[in-house]
>>> print(open('target02.txt').read())   # compact mmCIF, C-alpha atoms and all ligand atoms
# COMPACT_ATOMS: atom_id res chain seq x y z
CA MET A 168 -18.19 13.11 0.63
CA MET A 169 -15.02 14.83 1.61
CA THR A 170 -11.33 14.35 1.02
CA ILE A 171 -8.93 14.50 3.96
CA TRP A 172 -5.60 16.28 3.67
CA MET A 173 -3.16 15.00 6.28
CA LYS A 174 -0.61 17.77 6.73
CA ASN A 175 2.75 16.83 8.25
CA VAL A 176 3.99 19.91 10.10
CA ALA A 177 7.28 18.32 11.22
CA GLY A 178 7.80 17.20 7.62
CA ALA A 179 8.45 20.81 6.66
CA GLU A 180 11.22 21.00 9.30
CA HIS A 181 13.05 17.79 8.36
CA GLU A 182 16.39 19.01 6.99
CA MET A 183 18.59 17.22 4.49
CA PRO A 184 22.10 18.27 3.42
CA ALA A 185 22.33 21.49 1.37
CA GLY A 186 21.56 20.88 -2.29
CA HIS A 187 19.73 17.60 -1.66
CA PRO A 188 16.74 17.20 -3.99
CA GLU A 189 14.52 15.89 -1.14
CA GLN A 190 14.30 19.37 0.36
CA ILE A 191 12.01 21.26 2.72
CA ALA A 192 10.80 23.43 -0.18
CA ARG A 193 9.05 20.36 -1.65
CA LEU A 194 6.57 20.14 1.19
CA GLU A 195 6.30 23.93 1.49
CA ARG A 196 5.23 24.07 -2.16
CA VAL A 197 2.78 21.18 -1.73
CA ASN A 198 1.29 22.82 1.37
CA ALA A 199 1.03 26.20 -0.37
CA ALA A 200 -0.73 24.59 -3.33
CA LEU A 201 -3.27 22.86 -1.08
CA GLU A 202 -3.92 26.06 0.86
CA GLY A 203 -5.23 27.75 -2.30
CA PRO A 204 -8.88 28.72 -2.69
CA GLU A 205 -9.77 25.73 -4.88
CA PHE A 206 -8.94 23.46 -1.93
CA PHE A 207 -11.04 25.13 0.78
CA ALA A 208 -13.27 22.03 0.83
CA LEU A 209 -10.38 19.79 1.89
CA ASP A 210 -10.75 18.43 5.42
CA MET A 211 -7.30 19.34 6.75
CA HIS A 212 -5.88 17.48 9.74
CA HIS A 213 -2.44 17.51 11.29
CA ALA A 214 -0.85 14.09 10.89
CA PRO A 215 -0.45 12.47 14.32
CA MET A 216 2.75 10.67 15.32
CA ALA A 217 2.73 6.91 14.96
CA GLY A 218 3.57 4.85 18.02
CA GLU A 219 5.97 1.97 18.44
CA ALA A 220 3.28 -0.65 17.82
CA ASP A 221 2.39 1.03 14.54
CA ILE A 222 5.98 0.91 13.25
CA MET A 223 6.24 -2.71 14.40
CA LEU A 224 3.41 -3.72 12.06
CA ALA A 225 6.14 -3.86 9.42
CA HIS A 226 9.58 -3.21 10.96
CA PRO A 227 11.35 -5.05 13.80
CA ARG A 228 11.59 -3.26 17.13
CA ALA A 229 15.40 -3.31 16.90
CA TYR A 230 15.26 -1.21 13.73
CA LEU A 231 13.07 1.45 15.37
CA GLU A 232 15.33 1.44 18.43
CA GLY A 233 18.37 1.88 16.19
CA ILE A 234 16.78 4.89 14.46
CA ARG A 235 15.88 6.40 17.83
CA ARG A 236 19.40 5.84 19.12
CA VAL A 237 21.09 7.74 16.30
CA ALA A 238 18.47 10.53 15.94
CA PRO A 239 20.42 13.77 16.48
CA SER A 240 19.36 16.55 18.84
CA LYS A 241 21.43 18.96 16.74
CA GLY A 242 23.27 18.79 13.45
CA MET A 243 22.77 15.96 10.99
CA ILE A 244 23.70 12.28 10.75
CA SER A 245 23.76 9.96 7.71
CA LEU A 246 21.88 6.66 7.66
CA ASP A 247 23.13 5.89 4.15
CA PRO A 248 24.66 7.98 1.34
CA ASP A 249 21.20 9.32 0.35
CA THR A 250 19.41 9.43 3.70
CA SER A 251 20.07 11.77 6.62
CA MET A 252 18.47 12.70 9.91
CA SER A 253 18.21 16.17 11.44
CA PRO A 254 16.54 16.98 14.79
CA ALA A 255 13.03 17.08 13.21
CA THR A 256 13.41 13.94 11.11
CA LEU A 257 12.22 11.29 13.57
CA GLU A 258 9.04 13.21 14.35
CA ALA A 259 8.48 13.91 10.64
CA ALA A 260 8.90 10.23 9.75
CA LEU A 261 6.62 9.10 12.59
CA CYS A 262 3.98 11.64 11.48
CA GLY A 263 4.20 10.26 7.94
CA VAL A 264 3.26 6.82 9.25
CA GLY A 265 0.72 8.26 11.69
CA GLY A 266 -0.85 10.38 8.96
CA CYS A 267 -1.28 7.35 6.71
CA ILE A 268 -2.80 5.32 9.55
CA ALA A 269 -5.19 8.10 10.56
CA ALA A 270 -6.20 8.56 6.93
CA VAL A 271 -6.89 4.84 6.59
CA ASP A 272 -8.97 4.94 9.79
CA ALA A 273 -11.14 7.79 8.48
CA VAL A 274 -11.59 6.26 5.03
CA MET A 275 -12.31 2.74 6.31
CA ALA A 276 -14.83 4.14 8.82
CA GLY A 277 -16.64 5.89 5.97
CA GLU A 278 -16.08 9.32 7.54
CA VAL A 279 -14.55 10.58 4.31
CA LYS A 280 -14.31 9.29 0.77
CA ASN A 281 -10.54 9.39 0.31
CA ALA A 282 -7.39 11.05 1.62
CA PHE A 283 -4.07 12.57 0.63
CA VAL A 284 -1.13 12.47 3.03
CA GLY A 285 1.29 15.29 2.22
CA THR A 286 4.46 14.10 3.86
CA ARG A 287 8.21 13.88 3.85
CA PRO A 288 10.43 11.96 4.29
CA PRO A 289 8.89 9.58 1.76
CA GLY A 290 8.56 5.89 2.64
CA HIS A 291 8.61 3.45 -0.24
CA HIS A 292 12.37 2.72 -0.25
CA ALA A 293 12.56 1.88 3.49
CA GLU A 294 13.12 -1.85 3.90
CA LYS A 295 12.43 -3.87 7.05
CA THR A 296 15.82 -3.08 8.58
CA HIS A 297 17.33 -0.47 6.22
CA ALA A 298 16.64 3.22 5.75
CA MET A 299 17.46 4.13 2.17
CA GLY A 300 16.54 6.39 -0.71
CA PHE A 301 15.52 9.32 1.58
CA CYS A 302 13.08 6.98 3.45
CA LEU A 303 12.97 5.78 7.09
CA PHE A 304 9.70 3.90 7.55
CA GLY A 305 7.39 2.20 5.07
CA ASN A 306 4.45 4.60 5.42
CA VAL A 307 2.19 2.92 2.90
CA ALA A 308 3.12 -0.69 3.71
CA ILE A 309 2.47 -0.02 7.40
CA ALA A 310 -0.89 1.54 6.50
CA ALA A 311 -1.74 -1.62 4.51
CA LYS A 312 -0.83 -3.82 7.49
CA HIS A 313 -2.92 -1.58 9.77
CA ALA A 314 -6.00 -2.01 7.57
CA LEU A 315 -5.47 -5.78 7.36
CA ASP A 316 -4.46 -6.59 10.94
CA ARG A 317 -6.51 -4.06 12.89
CA LEU A 318 -9.48 -2.94 10.78
CA GLY A 319 -10.61 -6.22 9.34
CA ALA A 320 -9.82 -5.54 5.69
CA SER A 321 -9.56 -8.79 3.73
CA ARG A 322 -7.40 -7.44 0.91
CA VAL A 323 -5.49 -4.19 0.39
CA ALA A 324 -3.80 -3.06 -2.83
CA VAL A 325 -0.93 -0.60 -3.16
CA VAL A 326 -0.34 1.19 -6.46
CA ASP A 327 3.08 2.87 -6.58
CA PHE A 328 3.47 5.21 -9.55
CA ASP A 329 6.62 6.91 -8.27
CA VAL A 330 9.29 6.77 -10.99
CA HIS A 331 11.53 4.67 -8.73
CA HIS A 332 10.80 1.07 -7.79
CA GLY A 333 9.12 0.77 -4.37
CA ASN A 334 11.65 -1.75 -3.11
CA GLY A 335 10.81 -1.03 0.51
CA THR A 336 7.07 -1.57 0.15
CA GLN A 337 7.86 -4.72 -1.82
CA ASP A 338 10.14 -5.94 0.98
CA LEU A 339 7.57 -5.20 3.71
CA LEU A 340 4.69 -6.84 1.82
CA TRP A 341 6.61 -9.66 0.06
CA GLU A 342 5.03 -12.41 2.14
CA GLU A 343 1.69 -10.69 2.75
CA ASP A 344 -0.75 -12.63 0.59
CA ARG A 345 -3.63 -10.30 1.59
CA ALA A 346 -1.84 -7.43 -0.12
CA LEU A 347 -1.20 -6.79 -3.81
CA PHE A 348 1.73 -4.46 -4.45
CA ILE A 349 1.93 -2.95 -7.94
CA SER A 350 4.82 -0.71 -8.95
CA SER A 351 5.42 1.04 -12.26
CA HIS A 352 8.87 2.59 -12.51
CA GLN A 353 11.68 3.55 -14.83
CA MET A 354 14.25 0.81 -15.35
CA PRO A 355 17.22 1.07 -15.22
CA LEU A 356 17.16 3.55 -12.34
CA PHE A 357 17.71 3.65 -8.57
CA PRO A 358 17.32 1.39 -6.61
CA GLY A 359 17.92 -1.20 -9.35
CA THR A 360 15.24 -3.67 -8.27
CA GLY A 361 11.74 -4.11 -9.69
CA SER A 362 12.11 -6.44 -12.62
CA ALA A 363 8.93 -8.14 -13.80
CA SER A 364 10.30 -11.45 -12.48
CA GLU A 365 10.00 -10.22 -8.85
CA ARG A 366 6.51 -11.45 -8.03
CA GLY A 367 6.26 -11.83 -4.25
CA ALA A 368 6.03 -14.98 -2.13
CA ALA A 369 2.36 -15.44 -3.07
CA ASN A 370 2.39 -13.88 -6.55
CA ASN A 371 1.28 -10.75 -4.74
CA VAL A 372 3.77 -8.34 -6.34
CA MET A 373 3.49 -6.90 -9.85
CA ASN A 374 6.44 -4.94 -11.22
CA VAL A 375 6.05 -3.04 -14.47
CA PRO A 376 9.31 -1.47 -15.63
CA LEU A 377 9.14 1.39 -18.13
CA ALA A 378 11.97 2.35 -20.49
CA PRO A 379 13.85 5.64 -20.01
CA GLY A 380 12.49 8.17 -22.48
CA SER A 381 9.06 6.57 -22.65
CA GLY A 382 6.07 8.78 -21.98
CA SER A 383 2.32 9.10 -21.81
CA ASP A 384 1.45 6.44 -24.36
CA ALA A 385 3.60 3.72 -22.77
CA MET A 386 2.28 4.57 -19.30
CA ARG A 387 -1.37 4.58 -20.34
CA GLU A 388 -0.93 1.34 -22.27
CA VAL A 389 0.47 -0.62 -19.32
CA TYR A 390 -2.03 0.81 -16.87
CA ALA A 391 -5.08 0.29 -19.10
CA ASN A 392 -4.16 -3.18 -20.31
CA ARG A 393 -2.27 -4.76 -17.42
CA ILE A 394 -2.20 -2.88 -14.14
CA LEU A 395 -5.78 -1.66 -13.75
CA PRO A 396 -7.34 -5.02 -14.75
CA ARG A 397 -5.12 -6.82 -12.20
CA LEU A 398 -6.01 -4.25 -9.56
CA GLU A 399 -9.73 -4.63 -10.22
CA ALA A 400 -9.58 -8.45 -10.30
CA PHE A 401 -7.92 -8.43 -6.86
CA ALA A 402 -11.03 -6.62 -5.52
CA PRO A 403 -9.31 -4.91 -2.60
CA ASP A 404 -11.21 -3.35 0.31
CA LEU A 405 -8.89 -0.33 0.14
CA ILE A 406 -6.48 1.09 -2.44
CA LEU A 407 -3.36 2.85 -1.23
CA ILE A 408 -1.35 5.00 -3.62
CA SER A 409 2.38 5.67 -3.32
CA ALA A 410 2.06 8.98 -5.11
CA GLY A 411 5.44 10.03 -6.42
CA PHE A 412 5.47 12.71 -9.09
CA ASP A 413 9.03 12.21 -10.29
CA ALA A 414 7.91 10.54 -13.53
CA HIS A 415 7.02 14.09 -14.64
CA ALA A 416 8.94 15.25 -17.72
CA ASP A 417 10.49 18.14 -15.77
CA ASP A 418 11.84 15.98 -12.94
CA PRO A 419 15.65 16.12 -12.57
CA LEU A 420 16.09 12.58 -11.16
CA ALA A 421 14.52 10.47 -13.91
CA ASN A 422 13.70 10.27 -17.60
CA LEU A 423 10.06 9.44 -18.04
CA ASN A 424 7.99 12.06 -19.80
CA TRP A 425 4.68 12.06 -18.00
CA THR A 426 2.61 15.24 -17.96
CA THR A 427 0.40 16.64 -15.24
CA GLU A 428 -2.51 15.49 -17.40
CA ASP A 429 -1.14 11.93 -17.17
CA PHE A 430 -1.32 12.09 -13.37
CA VAL A 431 -4.93 13.30 -13.70
CA TRP A 432 -5.76 10.41 -16.04
CA LEU A 433 -4.08 7.87 -13.77
CA THR A 434 -5.72 9.18 -10.60
CA ARG A 435 -9.15 9.09 -12.29
CA LYS A 436 -8.57 5.50 -13.46
CA ILE A 437 -7.48 4.30 -10.00
CA CYS A 438 -10.44 6.07 -8.37
CA ALA A 439 -12.80 4.49 -10.91
CA VAL A 440 -11.55 1.02 -9.96
CA ALA A 441 -11.92 1.94 -6.29
CA GLU A 442 -15.49 3.06 -6.94
CA ARG A 443 -16.33 -0.30 -8.53
CA VAL A 444 -14.66 -2.57 -5.98
CA CYS A 445 -14.40 -0.80 -2.61
CA GLY A 446 -16.76 2.14 -2.35
CA GLY A 447 -14.10 4.51 -3.64
CA ARG A 448 -11.80 4.03 -0.63
CA VAL A 449 -8.40 5.50 -1.61
CA VAL A 450 -5.57 6.78 0.57
CA SER A 451 -2.73 8.45 -1.32
CA SER A 452 0.60 9.32 0.26
CA LEU A 453 3.29 11.55 -1.20
CA GLU A 454 6.56 9.88 -2.21
CA GLY A 455 8.95 11.60 -4.65
CA GLY A 456 8.78 14.53 -7.06
CA TYR A 457 11.79 16.84 -7.24
CA ASP A 458 10.98 19.63 -9.70
CA LEU A 459 9.23 22.06 -7.39
CA ASP A 460 6.89 23.57 -10.00
CA ALA A 461 5.94 20.21 -11.49
CA LEU A 462 5.46 18.71 -8.02
CA ALA A 463 3.15 21.50 -6.85
CA GLU A 464 1.13 21.40 -10.07
CA ALA A 465 0.84 17.61 -10.18
CA VAL A 466 -0.11 17.28 -6.50
CA ALA A 467 -2.80 19.94 -6.95
CA ALA A 468 -4.14 18.09 -9.99
CA HIS A 469 -4.03 14.71 -8.19
CA VAL A 470 -5.85 16.03 -5.11
CA SER A 471 -8.42 17.81 -7.31
CA VAL A 472 -9.33 14.44 -8.82
CA LEU A 473 -9.65 12.91 -5.32
CA MET A 474 -12.03 15.75 -4.42
CA GLU A 475 -14.17 15.12 -7.53
CA GLN A 476 -15.05 11.64 -6.29
ZN ZN B 501 10.97 8.45 -6.63
>>> encode(input="target02.txt", output="structure tokens")
Amino acid sequence: MMTIWMKNVAGAEHEMPAGHPEQIARLERVNAALEGPEFFALDMHHAPMAGEADIMLAHPRAYLEGIRRVAPSKGMISLDPDTSMSPATLEAALCGVGGCIAAVDAVMAGEVKNAFVGTRPPGHHAEKTHAMGFCLFGNVAIAAKHALDRLGASRVAVVDFDVHHGNGTQDLLWEEDRALFISSHQMPLFPGTGSASERGAANNVMNVPLAPGSGSDAMREVYANRILPRLEAFAPDLILISAGFDAHADDPLANLNWTTEDFVWLTRKICAVAERVCGGRVVSSLEGGYDLDALAEAVAAHVSVLMEQ
């Protein structure tokens, strides 16, 4: 069965201030990597824009209205010190959500095995009523709600291996007892949340902080012994991945020392759990990753594993 690649065209036009690490070149490099000959078998689709009802699965209407109100037709505005909007940003952010939802639809319908959503802005720092950390809408949390509320999924798990804590996804799913949110992340690091004591309203959140300077062995140990067993025991109908590649050793924003081979190992392990509990249904959406070479290489490796399934 095939793997879908949801390509976000507006995502490659979403401008941030000069010198910002969350730059257009990130998605250009990801797109170029996935256009290579080894990816001809990918089922490429253009990510559609999400509608208001989609956003409101996880954010209040007033928040969406506020974002629409300030969206610039030229120039750039700041939502917070890290997060800006240019004329293409609203469409890019809505296509990130829409791409995740369309990917979930295809995977849940059994049309394809799994999917990768290549998108920016990322989503996992966006809280219910706050854009932050380069993120506007909770792409993956909204996709989880979509599967639960509209497609009849009983349980959905989110695995967030971005190097930063997925505070936004945690906020959006905190009271959702049909979802299990698991985040591994460097601590201390932005955004400062994600201690192991944050467990969700229904013990549905698992935070696994990793020490700065730790690497492959520490990552594989916590995944093999704690995270993957918890994921499998939850027996979700769908596994969503917040796929950030900023835990890579070359990344300028963090200090974990993961290798591209670690992302391959991790993707294989998550897919193996998916195979055992939910027919292999996995939807992965791009979050961070700020060293352009490492990002392109790690995304290519991650998507290659999805295609092996
Ligand atoms: Zn990150």
>>> residues_near_ligand(input="target02.txt", ligand="ligand ZN 501 (chain B)", cutoff="12 Å", atoms="all atoms listed in the file", output="PyMOL selection string")
chain A and resi 188-189+288-292+299-302+327-335+350-353+356-358+409-415+418-423+453-458+462
>>> residues_near_point(input="target02.txt", point="(-5.6, 7.5, -6.5)", cutoff="10 Å", atoms="only C-alpha atoms", output="count of residues only")
34
>>> residues_around(input="target02.txt", residues="Phe348 of chain A", least_positions_apart="6", cutoff="9 Å", atoms="all atoms listed in the file", output="count of residues only")
14
>>> residues_near_point(input="target02.txt", point="(-7.9, 24.9, -2.4)", cutoff="12 Å", atoms="all atoms listed in the file", output="list in words")
Thr170, Trp172, Val197, Asn198, Ala199, Ala200, Leu201, Glu202, Gly203, Pro204, Glu205, Phe206, Phe207, Ala208, Leu209, Asp210, Met211, Val466, Ala467, Ala468, Val470, Ser471 and Met474 of chain A
>>> atom_distance(input="target02.txt", atom1="atom CA of Ala259 of chain A", atom2="atom CA of Thr426 of chain A")
29.2 Å
>>> closest_residue(input="target02.txt", among="A:Ala314, A:Ala385, A:Ile171, A:Leu347", to="Ala368 of chain A", atoms="only C-alpha atoms")
A:Leu347
>>> closest_residue(input="target02.txt", among="A:Gly178, A:Pro215, A:Pro376, A:Gly265", to="Arg287 of chain A", atoms="all atoms listed in the file")
A:Gly178
>>> atom_distance(input="target02.txt", atom1="atom CA of Lys295 of chain A", atom2="atom CA of Ala308 of chain A")
10.4 Å
>>> atom_distance(input="target02.txt", atom1="atom CA of Ile191 of chain A", atom2="atom CA of Leu257 of chain A")
14.7 Å
>>> closest_residue(input="target02.txt", among="A:Gly277, A:Gly285, A:Gly319, A:Gly218", to="Glu258 of chain A", atoms="all atoms listed in the file")
A:Gly218
>>> axis_aligned_box(input="target02.txt", around="segment 418-436 of chain A", padding_each_side="4 Å", output="AutoDock Vina command-line options")
--center_x 3.5 --center_y 11.1 --center_z -15.2 --size_x 33.2 --size_y 19.1 --size_z 17.2
>>> closest_residue(input="target02.txt", among="A:Cys267, A:Met183, A:Leu261, A:Leu224", to="Ser245 of chain A", atoms="all atoms listed in the file")
A:Met183
>>> residues_around(input="target02.txt", residues="Lys312 of chain A", least_positions_apart="2", cutoff="10 Å", atoms="all atoms listed in the file", output="NGL selection string")
:A and (221 or 223-225 or 268 or 307-310 or 314-318 or 320 or 322-323 or 339-340 or 343 or 345-346)
>>> closest_residue(input="target02.txt", among="A:Ser364, A:Gln190, A:Ser383, A:Asn175", to="His213 of chain A", atoms="all atoms listed in the file")
A:Asn175
>>> closest_residue(input="target02.txt", among="A:Gly359, A:Asn370, A:Thr427, A:Ile244", to="Glu342 of chain A", atoms="all atoms listed in the file")
A:Asn370
>>> decode(input="target02.txt", residues="segment 327-421 of chain A", atoms="C-alpha atoms", output="PDB file, in the first residue's frame")
ATOM      1  CA  ASP A 327       5.836  13.993  19.478  1.00  0.00           C
ATOM      2  CA  PHE A 328       9.580  13.469  19.026  1.00  0.00           C
ATOM      3  CA  ASP A 329      10.367  17.105  18.243  1.00  0.00           C
ATOM      4  CA  VAL A 330      13.163  18.287  20.558  1.00  0.00           C
ATOM      5  CA  HIS A 331      10.834  20.877  22.105  1.00  0.00           C
ATOM      6  CA  HIS A 332       7.903  20.008  24.358  1.00  0.00           C
ATOM      7  CA  GLY A 333       4.591  19.931  22.467  1.00  0.00           C
ATOM      8  CA  ASN A 334       2.901  22.286  24.908  1.00  0.00           C
ATOM      9  CA  GLY A 335       0.209  23.213  22.408  1.00  0.00           C
ATOM     10  CA  THR A 336      -0.818  19.653  21.612  1.00  0.00           C
ATOM     11  CA  GLN A 337      -0.786  18.964  25.347  1.00  0.00           C
ATOM     12  CA  ASP A 338      -3.053  21.969  25.953  1.00  0.00           C
ATOM     13  CA  LEU A 339      -5.494  20.989  23.189  1.00  0.00           C
ATOM     14  CA  LEU A 340      -5.698  17.342  24.288  1.00  0.00           C
ATOM     15  CA  TRP A 341      -5.340  17.799  28.076  1.00  0.00           C
ATOM     16  CA  GLU A 342      -8.937  16.820  28.815  1.00  0.00           C
ATOM     17  CA  GLU A 343      -9.377  14.420  25.895  1.00  0.00           C
ATOM     18  CA  ASP A 344      -9.412  10.991  27.516  1.00  0.00           C
ATOM     19  CA  ARG A 345      -9.700   9.272  24.110  1.00  0.00           C
ATOM     20  CA  ALA A 346      -6.274  10.621  23.188  1.00  0.00           C
ATOM     21  CA  LEU A 347      -2.838   9.719  24.535  1.00  0.00           C
ATOM     22  CA  PHE A 348      -0.248  12.447  24.011  1.00  0.00           C
ATOM     23  CA  ILE A 349       3.384  11.383  24.394  1.00  0.00           C
ATOM     24  CA  SER A 350       6.208  13.905  24.096  1.00  0.00           C
ATOM     25  CA  SER A 351       9.946  13.321  24.352  1.00  0.00           C
ATOM     26  CA  HIS A 352      11.941  16.541  24.487  1.00  0.00           C
ATOM     27  CA  GLN A 353      15.066  18.197  25.775  1.00  0.00           C
ATOM     28  CA  MET A 354      14.662  19.784  29.206  1.00  0.00           C
ATOM     29  CA  PRO A 355      15.520  22.511  30.037  1.00  0.00           C
ATOM     30  CA  LEU A 356      14.600  24.128  26.726  1.00  0.00           C
ATOM     31  CA  PHE A 357      11.839  26.251  25.179  1.00  0.00           C
ATOM     32  CA  PRO A 358       8.936  26.349  26.005  1.00  0.00           C
ATOM     33  CA  GLY A 359       9.826  25.257  29.555  1.00  0.00           C
ATOM     34  CA  THR A 360       6.878  22.920  30.095  1.00  0.00           C
ATOM     35  CA  GLY A 361       6.802  19.133  29.772  1.00  0.00           C
ATOM     36  CA  SER A 362       7.928  17.801  33.111  1.00  0.00           C
ATOM     37  CA  ALA A 363       7.047  14.184  33.837  1.00  0.00           C
ATOM     38  CA  SER A 364       4.558  15.390  36.465  1.00  0.00           C
ATOM     39  CA  GLU A 365       2.296  16.893  33.742  1.00  0.00           C
ATOM     40  CA  ARG A 366       0.017  13.933  33.078  1.00  0.00           C
ATOM     41  CA  GLY A 367      -3.244  15.276  31.625  1.00  0.00           C
ATOM     42  CA  ALA A 368      -6.714  15.434  33.171  1.00  0.00           C
ATOM     43  CA  ALA A 369      -7.231  11.700  32.593  1.00  0.00           C
ATOM     44  CA  ASN A 370      -3.618  10.496  32.876  1.00  0.00           C
ATOM     45  CA  ASN A 371      -3.618  10.827  29.098  1.00  0.00           C
ATOM     46  CA  VAL A 372      -0.352  12.772  28.772  1.00  0.00           C
ATOM     47  CA  MET A 373       3.132  11.267  29.049  1.00  0.00           C
ATOM     48  CA  ASN A 374       6.097  13.629  29.153  1.00  0.00           C
ATOM     49  CA  VAL A 375       9.604  12.219  28.891  1.00  0.00           C
ATOM     50  CA  PRO A 376      12.272  14.884  29.340  1.00  0.00           C
ATOM     51  CA  LEU A 377      15.779  14.163  28.051  1.00  0.00           C
ATOM     52  CA  ALA A 378      18.944  15.823  29.365  1.00  0.00           C
ATOM     53  CA  PRO A 379      20.891  18.260  27.177  1.00  0.00           C
ATOM     54  CA  GLY A 380      23.862  16.439  25.692  1.00  0.00           C
ATOM     55  CA  SER A 381      22.176  13.047  25.799  1.00  0.00           C
ATOM     56  CA  GLY A 382      22.051  11.066  22.578  1.00  0.00           C
ATOM     57  CA  SER A 383      21.064   7.865  20.840  1.00  0.00           C
ATOM     58  CA  ASP A 384      21.372   5.545  23.821  1.00  0.00           C
ATOM     59  CA  ALA A 385      19.206   7.658  26.139  1.00  0.00           C
ATOM     60  CA  MET A 386      16.584   8.120  23.413  1.00  0.00           C
ATOM     61  CA  ARG A 387      16.406   4.438  22.507  1.00  0.00           C
ATOM     62  CA  GLU A 388      16.262   3.444  26.167  1.00  0.00           C
ATOM     63  CA  VAL A 389      13.232   5.614  26.982  1.00  0.00           C
ATOM     64  CA  TYR A 390      11.408   4.696  23.802  1.00  0.00           C
ATOM     65  CA  ALA A 391      12.048   0.948  24.074  1.00  0.00           C
ATOM     66  CA  ASN A 392      11.333   0.641  27.786  1.00  0.00           C
ATOM     67  CA  ARG A 393       8.702   3.279  28.500  1.00  0.00           C
ATOM     68  CA  ILE A 394       7.175   5.076  25.540  1.00  0.00           C
ATOM     69  CA  LEU A 395       6.560   2.277  23.039  1.00  0.00           C
ATOM     70  CA  PRO A 396       5.075  -0.111  25.643  1.00  0.00           C
ATOM     71  CA  ARG A 397       2.677   2.637  26.812  1.00  0.00           C
ATOM     72  CA  LEU A 398       1.770   3.423  23.206  1.00  0.00           C
ATOM     73  CA  GLU A 399       1.067  -0.222  22.429  1.00  0.00           C
ATOM     74  CA  ALA A 400      -0.941  -0.783  25.632  1.00  0.00           C
ATOM     75  CA  PHE A 401      -3.184   2.166  24.711  1.00  0.00           C
ATOM     76  CA  ALA A 402      -4.090   0.300  21.491  1.00  0.00           C
ATOM     77  CA  PRO A 403      -4.978   3.373  19.439  1.00  0.00           C
ATOM     78  CA  ASP A 404      -6.935   3.201  16.175  1.00  0.00           C
ATOM     79  CA  LEU A 405      -4.493   5.708  14.652  1.00  0.00           C
ATOM     80  CA  ILE A 406      -1.018   6.980  15.536  1.00  0.00           C
ATOM     81  CA  LEU A 407      -0.151  10.579  14.725  1.00  0.00           C
ATOM     82  CA  ILE A 408       3.472  11.707  14.781  1.00  0.00           C
ATOM     83  CA  SER A 409       4.626  15.252  15.486  1.00  0.00           C
ATOM     84  CA  ALA A 410       7.774  14.776  13.464  1.00  0.00           C
ATOM     85  CA  GLY A 411      10.308  17.395  14.446  1.00  0.00           C
ATOM     86  CA  PHE A 412      13.902  16.738  13.449  1.00  0.00           C
ATOM     87  CA  ASP A 413      15.539  19.298  15.720  1.00  0.00           C
ATOM     88  CA  ALA A 414      16.865  16.623  18.089  1.00  0.00           C
ATOM     89  CA  HIS A 415      19.457  15.974  15.359  1.00  0.00           C
ATOM     90  CA  ALA A 416      23.044  16.555  16.491  1.00  0.00           C
ATOM     91  CA  ASP A 417      23.532  19.265  13.846  1.00  0.00           C
ATOM     92  CA  ASP A 418      20.480  21.301  14.867  1.00  0.00           C
ATOM     93  CA  PRO A 419      21.307  24.863  16.000  1.00  0.00           C
ATOM     94  CA  LEU A 420      18.367  25.240  18.431  1.00  0.00           C
ATOM     95  CA  ALA A 421      18.939  22.306  20.787  1.00  0.00           C
TER      96      ALA A 421
END
